Amino acid sequence: MNPVLVGQFSYTACEAPGPYSAVPGWKVKQVVSADFGGPVPEAAVKEAVRPFGGFRTPIVGPLTTQDEIDLLPRCLRLDVLPGGFRSLAHLAAAGRDRSGRDAFFAHGLLVGPPAAGSTTVSGAGAIWNRYRPADFWAADGWLTPCRAEAIETAELGPLPVVSVASPAAADLRMDFIDLHPGQREFVLAAAERAFATQTPIVVLGLPVEAAMWTSIVTHFLLPGTGWAVPFSTYEAAPAAEVLRARPGTVIGAPADTAGGWRQMPDEQVTVLDPENLPVRTGDGFTLVGGTLLRVGPWARLAEAVCALGWEDEVRRRIDVLGEQVGADLDPWPLFALPAVVLSMDGALLRDQREVARLAAQVLIAAMPQVSLLPPALTADLIAAITVWGEAGATSSTTGEILAALDRSDGPVPTATTDPILTAYVREVLAGPEDPAAPVWFPERLALSDAAALGLAQELPSLTGWLDGVDPDDRDDAVLTVAVQVERAGLTRGPALTAVRAAFDDRIEALVPALLDRAPGTRSPGVPLAGWLWPGVLSEAVATRLRQRPAGEVLWHPAVQRLVESVEPPLPARYEPGRTGAGLSLLDGERAAVELLAVEPSSIEPARLEVLRTAAFLRSVLTGQFPGGERPGSLVLEFRRWFSGPPRSVVLYDLLDRLSAVAPPDELIQMANDCLTILAPDDCTKSIATLLLDRGVITPAAVSGPLAWHVQIRRSLPLSSHDGLQAVWPDHPENELLKAVVAGRVAGGFREIMLARLAWWLLLVAADQLDLPGNSFRMESATWFTSAEREPLRGRLEPLLPTIGGQAARRARHRQGQADDLAAEWTTRAAMAQLRIPGDPAGAFFGDQATGSGWFAGVRVMLDAPDRPRDQLERWLERVRMSATWAGIRAYPDEAQVPAQEALIGAAVDLATRVAGLGGVKGWLRRSAPVRRS
């Protein structure tokens with residue numbers, strides 16, 4: 001950023017009220033806005049003074065003279081604050097405040113982002129943007145009151161002015177270097193390290209030395225970037241404490257703290273200790289801990305500039321460059337130095353070619369986003385890199401330039417990039433030493449259509465070297481160059497035609513190697529260019545899909561990767577009615593390749609369903625599967641891809657798509673195999689209708705699982721009688737129930753069918769149970785008699801309470817049906833009480849406790865608490881009639897009439913209890929039952 005002044009502030013311990021606090025003690029004492037008159041942000045000021053608490057105040061005694069005070073160490077520090085603000089503050093000992101404690105006085109400048117304040121700071125003629133913060137060391141105008149009275153009355157006045165004692169003064173700078181021989185290169189190397197790794201530089205000695213080195217380093221940076229390098233010239237706290245506070249990139253520390261700094265690890269800090277200067281060895285300096293501080297290319301360039309006497313001119317040009325490029329280059333601190341070196345006089349650079357080449361090397365690595373630079377400057381820099389880059393405009397040099405340009409977020413004119421990108425691509429394609437070696441191409445930059453067409457027309461001559469490659473390696477080399485041509489941008493627009501003309505003969509010769517398992521492309525990792533697919537490999541693949549089994553066409557990994565890159569991805573999940581119809585033969589081949597190569601358990605279930613469907617369709621639609629002409633082979637192929645039945649919606653879509661091409665009997669078998677296990681739903685019921693509509697099956701042939709799934713979607717009765725006729729399963733329902741007890745269903749279908757069987761067991765009227773009078777009926781009712789035996793009985797009994805509750809709740813809204821079912825349940829409970837065998841649900845009805853399953857169900861169906869008494873008395877008569885008929889079936893002999901009456905009495909007793917009635921039992925018993933034959 002180019003800094004602008006926002007205002008001044010002071011901070012100390014005083015009794016005078018400040019702008020943010022009137023409480024005596026440490027506080028912001030005064031804030032003054034700059035000449036533009038806007039407010040100074042309070043949050044920024046408070047953030048600026050926050051680190052001042054770490055300042056170790058030098059002691060000022062009562063007899064200390066002003067000359068002695070002036071010699072005490074002072075701190076000039078720059079802090080980078082949130083919101084783009086900077087704080088440049090001068091901290092000096094101020095003696096004792098009115099509380100008698102040692103204090104210091106801080107005078108700060110708040111600097112903000114562009115448009116935040118004034119652009120001048122030090123009076124007429126001063127050029128703010130060309131100063132670096134460290135230049136304000138020893139500036140005239142820093143407020144430094146001493147002792148209590150002066151602290152209380154100190155007022156901010158004119159802004160500090162850079163003085164003749166500033167580190168910016170050329171004579172002072174040269175004298176400083178002469179007094180510190182051999183240290184400049186070390187500091188420059190440490191600065192390059194700090195910019196790359198944020199490792200701070202610690203300058204042991206006087207605060208002025210830290211200020212001088214900071215000024216020297218930051219004048220090799222853009223002016224705005226110099227205001228982004230925090231520093232502090234005086235930190236007297238222990239080393240570990242200072243590092244935790246992270247006061248800056250450059251830290252000045254008094255010599256008496258040297259012991260602590262020497263003990264810090266080399267990777268945490270770079271220490272300049274004048275008493276123990278680092279030793280120059282090889283490519284760098286050996287640090288205290290033995291680590292080598294390498295003198296990087298930027299540091300070598302800066303040292304060369306100083307040694308050649310170019311420093312003043314380079315600093316001037318950097319200041320001019322700062323005004324030219326404007327803001328936002330802080331993330332590229334090393335950019336300015338090489339950029340201005342390469343702008344020096346051409347004759348001067350020719351005399352110092354090594355320096356020019358070093359500048360080109362540094363610029364390539366430090367190039368900012370091109371969108372942040374003026375186009376003319378970008379063009380000049382590229383031209384300079386091309387001239388002075390090592391070995392001239394080679395693919396290495398041009399590649400580095402392109403990489404710098406490619407980092408730009410904004411658009412780069414093709415007029416700028418076409419010449420250098422063309423040169424780079426031309427050299428890459430014209431006979432590399434290792435054709436298989438990876439080659440970098442820019443991601444954002446692209447040739448113009450005209451430049452791409454021109455290069456494409458050169459391909460026959462550029463790639464003629466391929467004919468001389470060893471035959472064993474030629475196929476891979478051709479494919480590698482085809483990828484490079486694509487990555488260079490030559491396969492789009494009109495250039496593609498010229499590319500095909502140059503490559504078609506070579507690529508056609510490779511097709512068998514890629515698709516027919518012939519010798520050739522030995523490396524399975526070789527990539528394939530996307531432009532090879534349409535019109536070349538795609539047609540060959542389409543032909544082979546109808547000639548080979550699934551998974552044997554896309555055998556080559558490179559072809560697999562190409563197909564995945566140019567074809568839409570397979571659906572992530574199966575969408576009924578859409579996914580199956582949209583799967584192509586190529587989709588099926590891709591799916592088969594994946595299924596054969598990867599353990600299915602590692603594939604996400606939703607995707608696995610798509611892969612299995614696609615692979616199976618590919619096999620059947622092409623007829624390319626083992627025994628494709630033999631009966632039953634389609635079912636075997638189905639079982640090959642599906643380890644179990646698919647979801648009903650998938651099965652429906654498969655049958656729909658294959659109904660016109662597959663043998664009807666095999667489709668029916670496939671459907672029945674799945675429907676034996678699938679839980680019934682609307683879709684399973686529709687499968688039978690689908691096969692009927694497609695002419696796969698006739699109505700008379702609908703049997704087995706197909707018929708079961710149709711039947712199970714029919715509603716169940718809610719009472720034991722239909723008028724006077726006892727309810728009993730019809731033939732389709734009887735077949736369905738028989739399939740359950742015979743174990744011919746599995747999975748979810750079996751679980752639902754067991755619940756249906758439990759419903760029927762609870763629905764049967766008491767006089768229809770497995771009783772002596774019903775022996776003839778029971779001969780054909782195997783579903784009923786089997787439910788009385790293990791293991792089926794053990795599976796059904798846990799279901800009865802739940803099913804009973806459902807039946808009671810559904811029947812209660814139909815009073816006649818509810819009364820009928822309630823009467824039959826009461827009779828069956830009485831039979832269980834008397835231990836009359838023949839009821840598979842005997843355990844359910846045998847629980848005589850109030851609130852048991854059947855008891856609660858009858859109460860629900862009768863709505864007993866709210867029902868009129870006369871209706872309940874009529875229901876008791878229905879119970880008596882139910883028990884009468886059940887007694888006749890249970891005890892058909894004349895001699896067993898007492899047993900019949902005992903059942904009637906037990907049923908009536910239970911009925912009066914469950915209905916909550918009293919005083920009616922005697923009346924019911926006086927009404928003698930009618931004997932029915």
# chains A, B, ... in the order shown; residues from 1 in each chain; ligands from 1
>>> residues_around(residues="region 53-70 of chain A", least_positions_apart="2", cutoff="6 Å", atoms="only C-alpha atoms", output="PyMOL selection string")
chain A and resi 51+72+93+95+236
>>> residues_around(residues="Glu824 (chain A)", least_positions_apart="3", cutoff="6 Å", atoms="only C-alpha atoms", output="VMD selection string")
chain A and resid 765 to 766 821 827
>>> residues_around(residues="Gly182 (chain A)", least_positions_apart="4", cutoff="12 Å", atoms="only C-alpha atoms", output="PyMOL selection string")
chain A and resi 176-178+186-188+272+274+277-280+285+303+307
>>> residues_around(residues="Ala542 (chain A)", least_positions_apart="2", cutoff="12 Å", atoms="only C-alpha atoms", output="PDB file with N, CA, C and O atoms, in the first residue's frame")
ATOM      1  N   LEU A 515      -6.653 -50.896 -27.774  1.00  0.00           N
ATOM      2  CA  LEU A 515      -7.940 -51.569 -27.635  1.00  0.00           C
ATOM      3  C   LEU A 515      -7.893 -53.071 -27.851  1.00  0.00           C
ATOM      4  O   LEU A 515      -8.839 -53.767 -27.473  1.00  0.00           O
ATOM      5  N   TRP A 533     -10.264 -38.691 -28.721  1.00  0.00           N
ATOM      6  CA  TRP A 533     -11.493 -39.443 -28.515  1.00  0.00           C
ATOM      7  C   TRP A 533     -12.504 -39.262 -29.651  1.00  0.00           C
ATOM      8  O   TRP A 533     -12.859 -40.233 -30.313  1.00  0.00           O
ATOM      9  N   PRO A 534     -12.989 -38.046 -29.922  1.00  0.00           N
ATOM     10  CA  PRO A 534     -14.017 -37.923 -30.964  1.00  0.00           C
ATOM     11  C   PRO A 534     -13.456 -38.236 -32.345  1.00  0.00           C
ATOM     12  O   PRO A 534     -12.445 -37.677 -32.764  1.00  0.00           O
ATOM     13  N   GLY A 535     -14.104 -39.136 -33.009  1.00  0.00           N
ATOM     14  CA  GLY A 535     -13.720 -39.454 -34.378  1.00  0.00           C
ATOM     15  C   GLY A 535     -12.556 -40.399 -34.517  1.00  0.00           C
ATOM     16  O   GLY A 535     -12.232 -40.818 -35.624  1.00  0.00           O
ATOM     17  N   VAL A 536     -11.856 -40.749 -33.442  1.00  0.00           N
ATOM     18  CA  VAL A 536     -10.720 -41.673 -33.539  1.00  0.00           C
ATOM     19  C   VAL A 536     -11.001 -42.882 -32.649  1.00  0.00           C
ATOM     20  O   VAL A 536     -11.470 -43.925 -33.096  1.00  0.00           O
ATOM     21  N   LEU A 537     -10.747 -42.746 -31.352  1.00  0.00           N
ATOM     22  CA  LEU A 537     -10.954 -43.870 -30.449  1.00  0.00           C
ATOM     23  C   LEU A 537     -12.430 -44.156 -30.204  1.00  0.00           C
ATOM     24  O   LEU A 537     -12.809 -45.312 -30.005  1.00  0.00           O
ATOM     25  N   SER A 538     -13.270 -43.131 -30.213  1.00  0.00           N
ATOM     26  CA  SER A 538     -14.683 -43.353 -29.893  1.00  0.00           C
ATOM     27  C   SER A 538     -15.336 -44.313 -30.884  1.00  0.00           C
ATOM     28  O   SER A 538     -16.112 -45.191 -30.497  1.00  0.00           O
ATOM     29  N   GLU A 539     -15.020 -44.161 -32.165  1.00  0.00           N
ATOM     30  CA  GLU A 539     -15.627 -45.053 -33.170  1.00  0.00           C
ATOM     31  C   GLU A 539     -15.101 -46.477 -33.026  1.00  0.00           C
ATOM     32  O   GLU A 539     -15.859 -47.450 -33.148  1.00  0.00           O
ATOM     33  N   ALA A 540     -13.812 -46.602 -32.737  1.00  0.00           N
ATOM     34  CA  ALA A 540     -13.244 -47.941 -32.564  1.00  0.00           C
ATOM     35  C   ALA A 540     -13.813 -48.626 -31.322  1.00  0.00           C
ATOM     36  O   ALA A 540     -14.109 -49.831 -31.333  1.00  0.00           O
ATOM     37  N   ARG A 544     -16.097 -52.222 -30.980  1.00  0.00           N
ATOM     38  CA  ARG A 544     -15.650 -53.335 -30.144  1.00  0.00           C
ATOM     39  C   ARG A 544     -16.623 -53.643 -29.007  1.00  0.00           C
ATOM     40  O   ARG A 544     -16.620 -54.752 -28.478  1.00  0.00           O
ATOM     41  N   LEU A 545     -17.449 -52.674 -28.600  1.00  0.00           N
ATOM     42  CA  LEU A 545     -18.411 -52.931 -27.534  1.00  0.00           C
ATOM     43  C   LEU A 545     -19.389 -54.030 -27.916  1.00  0.00           C
ATOM     44  O   LEU A 545     -19.912 -54.737 -27.046  1.00  0.00           O
ATOM     45  N   ARG A 546     -19.673 -54.195 -29.191  1.00  0.00           N
ATOM     46  CA  ARG A 546     -20.606 -55.227 -29.656  1.00  0.00           C
ATOM     47  C   ARG A 546     -19.898 -56.518 -30.043  1.00  0.00           C
ATOM     48  O   ARG A 546     -20.518 -57.440 -30.548  1.00  0.00           O
ATOM     49  N   GLN A 547     -18.592 -56.544 -29.807  1.00  0.00           N
ATOM     50  CA  GLN A 547     -17.829 -57.730 -30.194  1.00  0.00           C
ATOM     51  C   GLN A 547     -17.180 -58.438 -29.003  1.00  0.00           C
ATOM     52  O   GLN A 547     -16.739 -59.575 -29.144  1.00  0.00           O
ATOM     53  N   ARG A 548     -17.149 -57.769 -27.837  1.00  0.00           N
ATOM     54  CA  ARG A 548     -16.409 -58.332 -26.713  1.00  0.00           C
ATOM     55  C   ARG A 548     -17.221 -58.267 -25.430  1.00  0.00           C
ATOM     56  O   ARG A 548     -18.083 -57.398 -25.272  1.00  0.00           O
ATOM     57  N   VAL A 553     -13.022 -54.121 -23.207  1.00  0.00           N
ATOM     58  CA  VAL A 553     -12.737 -53.147 -24.254  1.00  0.00           C
ATOM     59  C   VAL A 553     -11.869 -52.019 -23.695  1.00  0.00           C
ATOM     60  O   VAL A 553     -10.842 -51.667 -24.273  1.00  0.00           O
ATOM     61  N   LEU A 554     -12.273 -51.477 -22.578  1.00  0.00           N
ATOM     62  CA  LEU A 554     -11.489 -50.396 -21.963  1.00  0.00           C
ATOM     63  C   LEU A 554     -10.452 -50.977 -21.014  1.00  0.00           C
ATOM     64  O   LEU A 554     -10.327 -50.569 -19.863  1.00  0.00           O
ATOM     65  N   SER A 584     -25.759 -45.885 -21.541  1.00  0.00           N
ATOM     66  CA  SER A 584     -25.297 -46.336 -22.849  1.00  0.00           C
ATOM     67  C   SER A 584     -24.408 -47.568 -22.710  1.00  0.00           C
ATOM     68  O   SER A 584     -24.023 -47.964 -21.611  1.00  0.00           O
ATOM     69  N   LEU A 585     -24.067 -48.157 -23.866  1.00  0.00           N
ATOM     70  CA  LEU A 585     -23.151 -49.298 -23.840  1.00  0.00           C
ATOM     71  C   LEU A 585     -21.791 -48.887 -23.286  1.00  0.00           C
ATOM     72  O   LEU A 585     -21.143 -49.649 -22.559  1.00  0.00           O
ATOM     73  N   LEU A 586     -21.347 -47.675 -23.617  1.00  0.00           N
ATOM     74  CA  LEU A 586     -20.070 -47.201 -23.090  1.00  0.00           C
ATOM     75  C   LEU A 586     -20.148 -47.031 -21.577  1.00  0.00           C
ATOM     76  O   LEU A 586     -19.206 -47.362 -20.856  1.00  0.00           O
ATOM     77  N   ASP A 587     -21.278 -46.532 -21.076  1.00  0.00           N
ATOM     78  CA  ASP A 587     -21.455 -46.433 -19.627  1.00  0.00           C
ATOM     79  C   ASP A 587     -21.336 -47.812 -18.986  1.00  0.00           C
ATOM     80  O   ASP A 587     -20.721 -47.976 -17.936  1.00  0.00           O
ATOM     81  N   GLY A 588     -21.954 -48.797 -19.632  1.00  0.00           N
ATOM     82  CA  GLY A 588     -21.892 -50.151 -19.096  1.00  0.00           C
ATOM     83  C   GLY A 588     -20.491 -50.712 -19.090  1.00  0.00           C
ATOM     84  O   GLY A 588     -20.097 -51.411 -18.151  1.00  0.00           O
ATOM     85  N   GLU A 589     -19.716 -50.399 -20.122  1.00  0.00           N
ATOM     86  CA  GLU A 589     -18.332 -50.863 -20.162  1.00  0.00           C
ATOM     87  C   GLU A 589     -17.505 -50.205 -19.059  1.00  0.00           C
ATOM     88  O   GLU A 589     -16.708 -50.861 -18.380  1.00  0.00           O
ATOM     89  N   ARG A 618     -25.218 -53.601 -20.438  1.00  0.00           N
ATOM     90  CA  ARG A 618     -24.231 -53.664 -21.514  1.00  0.00           C
ATOM     91  C   ARG A 618     -24.052 -55.103 -21.995  1.00  0.00           C
ATOM     92  O   ARG A 618     -23.963 -55.375 -23.193  1.00  0.00           O
ATOM     93  N   THR A 622     -25.728 -56.302 -25.842  1.00  0.00           N
ATOM     94  CA  THR A 622     -24.779 -56.696 -26.890  1.00  0.00           C
ATOM     95  C   THR A 622     -24.741 -58.205 -27.088  1.00  0.00           C
ATOM     96  O   THR A 622     -24.169 -58.687 -28.075  1.00  0.00           O
TER      97      THR A 622
END
>>> residues_around(residues="region 792-798 of chain A", least_positions_apart="5", cutoff="12 Å", atoms="only C-alpha atoms", output="PyMOL selection string")
chain A and resi 740-743+750-762+783-787+803-804+839-846+853
>>> closest_residue(among="A:Pro113, A:Leu455, A:Ala529, A:Asp504", to="Arg487 (chain A)", atoms="only C-alpha atoms")
A:Ala529
>>> closest_residue(among="A:Pro73, A:Gly18, A:Gly141, A:Gly747", to="Pro207 (chain A)", atoms="only C-alpha atoms")
A:Pro73
>>> select_by_dssp(residues="region 419-636 of chain A", states="alpha helix (DSSP H)", output="number ranges by chain")
A: 419-429, 449-457, 459-462, 471-487, 495-508, 511-515, 538-545, 557-566, 579-582, 585-597, 605-622, 633-636
>>> residues_around(residues="Ala671 (chain A)", least_positions_apart="2", cutoff="8 Å", atoms="only C-alpha atoms", output="list of chain:residue names")
A:Leu651, A:Leu655, A:Leu667, A:Ile668, A:Gln669, A:Asp673, A:Cys674, A:Leu675, A:Leu706
>>> closest_atom_pairs(of="region 460-522 of chain A", to="region 411-432 of chain A", cutoff="9 Å", atoms="only C-alpha atoms", output="Markdown table")
| residue | atom | partner | partner_atom | distance |
| --- | --- | --- | --- | --- |
| A:Ser461 | CA | A:Ala430 | CA | 8.3 |
| A:Leu462 | CA | A:Ala430 | CA | 4.8 |
| A:Thr463 | CA | A:Ala430 | CA | 6.1 |
| A:Gly464 | CA | A:Ala430 | CA | 8.3 |
| A:Trp465 | CA | A:Gly431 | CA | 6.0 |
| A:Leu466 | CA | A:Gly431 | CA | 7.9 |
| A:Val481 | CA | A:Leu429 | CA | 7.1 |
| A:Gln484 | CA | A:Leu429 | CA | 7.7 |
| A:Val485 | CA | A:Leu429 | CA | 7.9 |
| A:Ala488 | CA | A:Val425 | CA | 6.6 |
>>> write_last_selection(atoms="all heavy atoms", output="PDB file, in the first residue's frame")
ATOM      1  N   SER A 461       6.988 -30.492 -39.129  1.00  0.00           N
ATOM      2  CA  SER A 461       8.436 -30.308 -39.008  1.00  0.00           C
ATOM      3  C   SER A 461       8.882 -30.379 -37.554  1.00  0.00           C
ATOM      4  O   SER A 461       9.968 -30.902 -37.254  1.00  0.00           O
ATOM      5  CB  SER A 461       8.841 -28.961 -39.618  1.00  0.00           C
ATOM      6  OG  SER A 461       8.174 -27.895 -38.955  1.00  0.00           O
ATOM      7  N   LEU A 462       8.073 -29.865 -36.636  1.00  0.00           N
ATOM      8  CA  LEU A 462       8.457 -29.868 -35.223  1.00  0.00           C
ATOM      9  C   LEU A 462       8.509 -31.279 -34.648  1.00  0.00           C
ATOM     10  O   LEU A 462       9.311 -31.561 -33.760  1.00  0.00           O
ATOM     11  CB  LEU A 462       7.481 -29.021 -34.406  1.00  0.00           C
ATOM     12  CG  LEU A 462       7.549 -27.506 -34.592  1.00  0.00           C
ATOM     13  CD1 LEU A 462       6.438 -26.817 -33.796  1.00  0.00           C
ATOM     14  CD2 LEU A 462       8.907 -26.970 -34.145  1.00  0.00           C
ATOM     15  N   THR A 463       7.623 -32.173 -35.130  1.00  0.00           N
ATOM     16  CA  THR A 463       7.529 -33.512 -34.541  1.00  0.00           C
ATOM     17  C   THR A 463       8.133 -34.591 -35.433  1.00  0.00           C
ATOM     18  O   THR A 463       7.937 -35.773 -35.183  1.00  0.00           O
ATOM     19  CB  THR A 463       6.059 -33.862 -34.256  1.00  0.00           C
ATOM     20  OG1 THR A 463       5.315 -33.838 -35.487  1.00  0.00           O
ATOM     21  CG2 THR A 463       5.444 -32.874 -33.290  1.00  0.00           C
ATOM     22  N   GLY A 464       8.883 -34.186 -36.430  1.00  0.00           N
ATOM     23  CA  GLY A 464       9.506 -35.179 -37.304  1.00  0.00           C
ATOM     24  C   GLY A 464      10.459 -36.091 -36.555  1.00  0.00           C
ATOM     25  O   GLY A 464      10.700 -37.230 -36.968  1.00  0.00           O
ATOM     26  N   TRP A 465      10.982 -35.639 -35.433  1.00  0.00           N
ATOM     27  CA  TRP A 465      11.916 -36.446 -34.638  1.00  0.00           C
ATOM     28  C   TRP A 465      11.277 -37.722 -34.114  1.00  0.00           C
ATOM     29  O   TRP A 465      11.986 -38.683 -33.773  1.00  0.00           O
ATOM     30  CB  TRP A 465      12.458 -35.629 -33.471  1.00  0.00           C
ATOM     31  CG  TRP A 465      11.405 -35.125 -32.528  1.00  0.00           C
ATOM     32  CD1 TRP A 465      10.721 -33.966 -32.618  1.00  0.00           C
ATOM     33  CD2 TRP A 465      10.909 -35.803 -31.371  1.00  0.00           C
ATOM     34  NE1 TRP A 465       9.826 -33.842 -31.595  1.00  0.00           N
ATOM     35  CE2 TRP A 465       9.917 -34.962 -30.813  1.00  0.00           C
ATOM     36  CE3 TRP A 465      11.184 -37.009 -30.753  1.00  0.00           C
ATOM     37  CZ2 TRP A 465       9.221 -35.301 -29.666  1.00  0.00           C
ATOM     38  CZ3 TRP A 465      10.505 -37.347 -29.616  1.00  0.00           C
ATOM     39  CH2 TRP A 465       9.526 -36.512 -29.069  1.00  0.00           C
ATOM     40  N   LEU A 466       9.918 -37.761 -34.069  1.00  0.00           N
ATOM     41  CA  LEU A 466       9.243 -38.961 -33.569  1.00  0.00           C
ATOM     42  C   LEU A 466       9.559 -40.184 -34.429  1.00  0.00           C
ATOM     43  O   LEU A 466       9.599 -41.308 -33.931  1.00  0.00           O
ATOM     44  CB  LEU A 466       7.728 -38.740 -33.526  1.00  0.00           C
ATOM     45  CG  LEU A 466       7.212 -37.807 -32.428  1.00  0.00           C
ATOM     46  CD1 LEU A 466       5.736 -37.479 -32.662  1.00  0.00           C
ATOM     47  CD2 LEU A 466       7.397 -38.442 -31.060  1.00  0.00           C
ATOM     48  N   VAL A 481       3.456 -36.631 -26.832  1.00  0.00           N
ATOM     49  CA  VAL A 481       3.454 -35.384 -27.601  1.00  0.00           C
ATOM     50  C   VAL A 481       2.022 -34.952 -27.909  1.00  0.00           C
ATOM     51  O   VAL A 481       1.709 -33.753 -27.922  1.00  0.00           O
ATOM     52  CB  VAL A 481       4.277 -35.553 -28.890  1.00  0.00           C
ATOM     53  CG1 VAL A 481       4.150 -34.319 -29.779  1.00  0.00           C
ATOM     54  CG2 VAL A 481       5.741 -35.801 -28.555  1.00  0.00           C
ATOM     55  N   GLN A 484       0.952 -33.061 -25.024  1.00  0.00           N
ATOM     56  CA  GLN A 484       1.605 -31.751 -24.973  1.00  0.00           C
ATOM     57  C   GLN A 484       0.965 -30.779 -25.962  1.00  0.00           C
ATOM     58  O   GLN A 484       0.778 -29.593 -25.655  1.00  0.00           O
ATOM     59  CB  GLN A 484       3.098 -31.904 -25.254  1.00  0.00           C
ATOM     60  CG  GLN A 484       3.844 -32.670 -24.166  1.00  0.00           C
ATOM     61  CD  GLN A 484       5.282 -32.947 -24.539  1.00  0.00           C
ATOM     62  OE1 GLN A 484       5.694 -32.729 -25.678  1.00  0.00           O
ATOM     63  NE2 GLN A 484       6.061 -33.448 -23.582  1.00  0.00           N
ATOM     64  N   VAL A 485       0.611 -31.283 -27.138  1.00  0.00           N
ATOM     65  CA  VAL A 485      -0.059 -30.441 -28.134  1.00  0.00           C
ATOM     66  C   VAL A 485      -1.395 -29.944 -27.588  1.00  0.00           C
ATOM     67  O   VAL A 485      -1.761 -28.774 -27.758  1.00  0.00           O
ATOM     68  CB  VAL A 485      -0.258 -31.239 -29.442  1.00  0.00           C
ATOM     69  CG1 VAL A 485      -1.240 -30.532 -30.367  1.00  0.00           C
ATOM     70  CG2 VAL A 485       1.080 -31.432 -30.140  1.00  0.00           C
ATOM     71  N   ALA A 488      -0.857 -27.369 -24.840  1.00  0.00           N
ATOM     72  CA  ALA A 488      -0.384 -26.109 -25.406  1.00  0.00           C
ATOM     73  C   ALA A 488      -1.509 -25.297 -26.033  1.00  0.00           C
ATOM     74  O   ALA A 488      -1.287 -24.159 -26.445  1.00  0.00           O
ATOM     75  CB  ALA A 488       0.703 -26.385 -26.439  1.00  0.00           C
TER      76      ALA A 488
END
>>> residues_around(residues="Ala502 (chain A)", least_positions_apart="6", cutoff="9 Å", atoms="only C-alpha atoms", output="ChimeraX atom specification")
/A:456-457,459-460,463
>>> select_by_dssp(residues="region 286-326 of chain A", states="strand (DSSP E)", output="list in words")
Thr286, Leu292, Leu293 and Arg294 of chain A
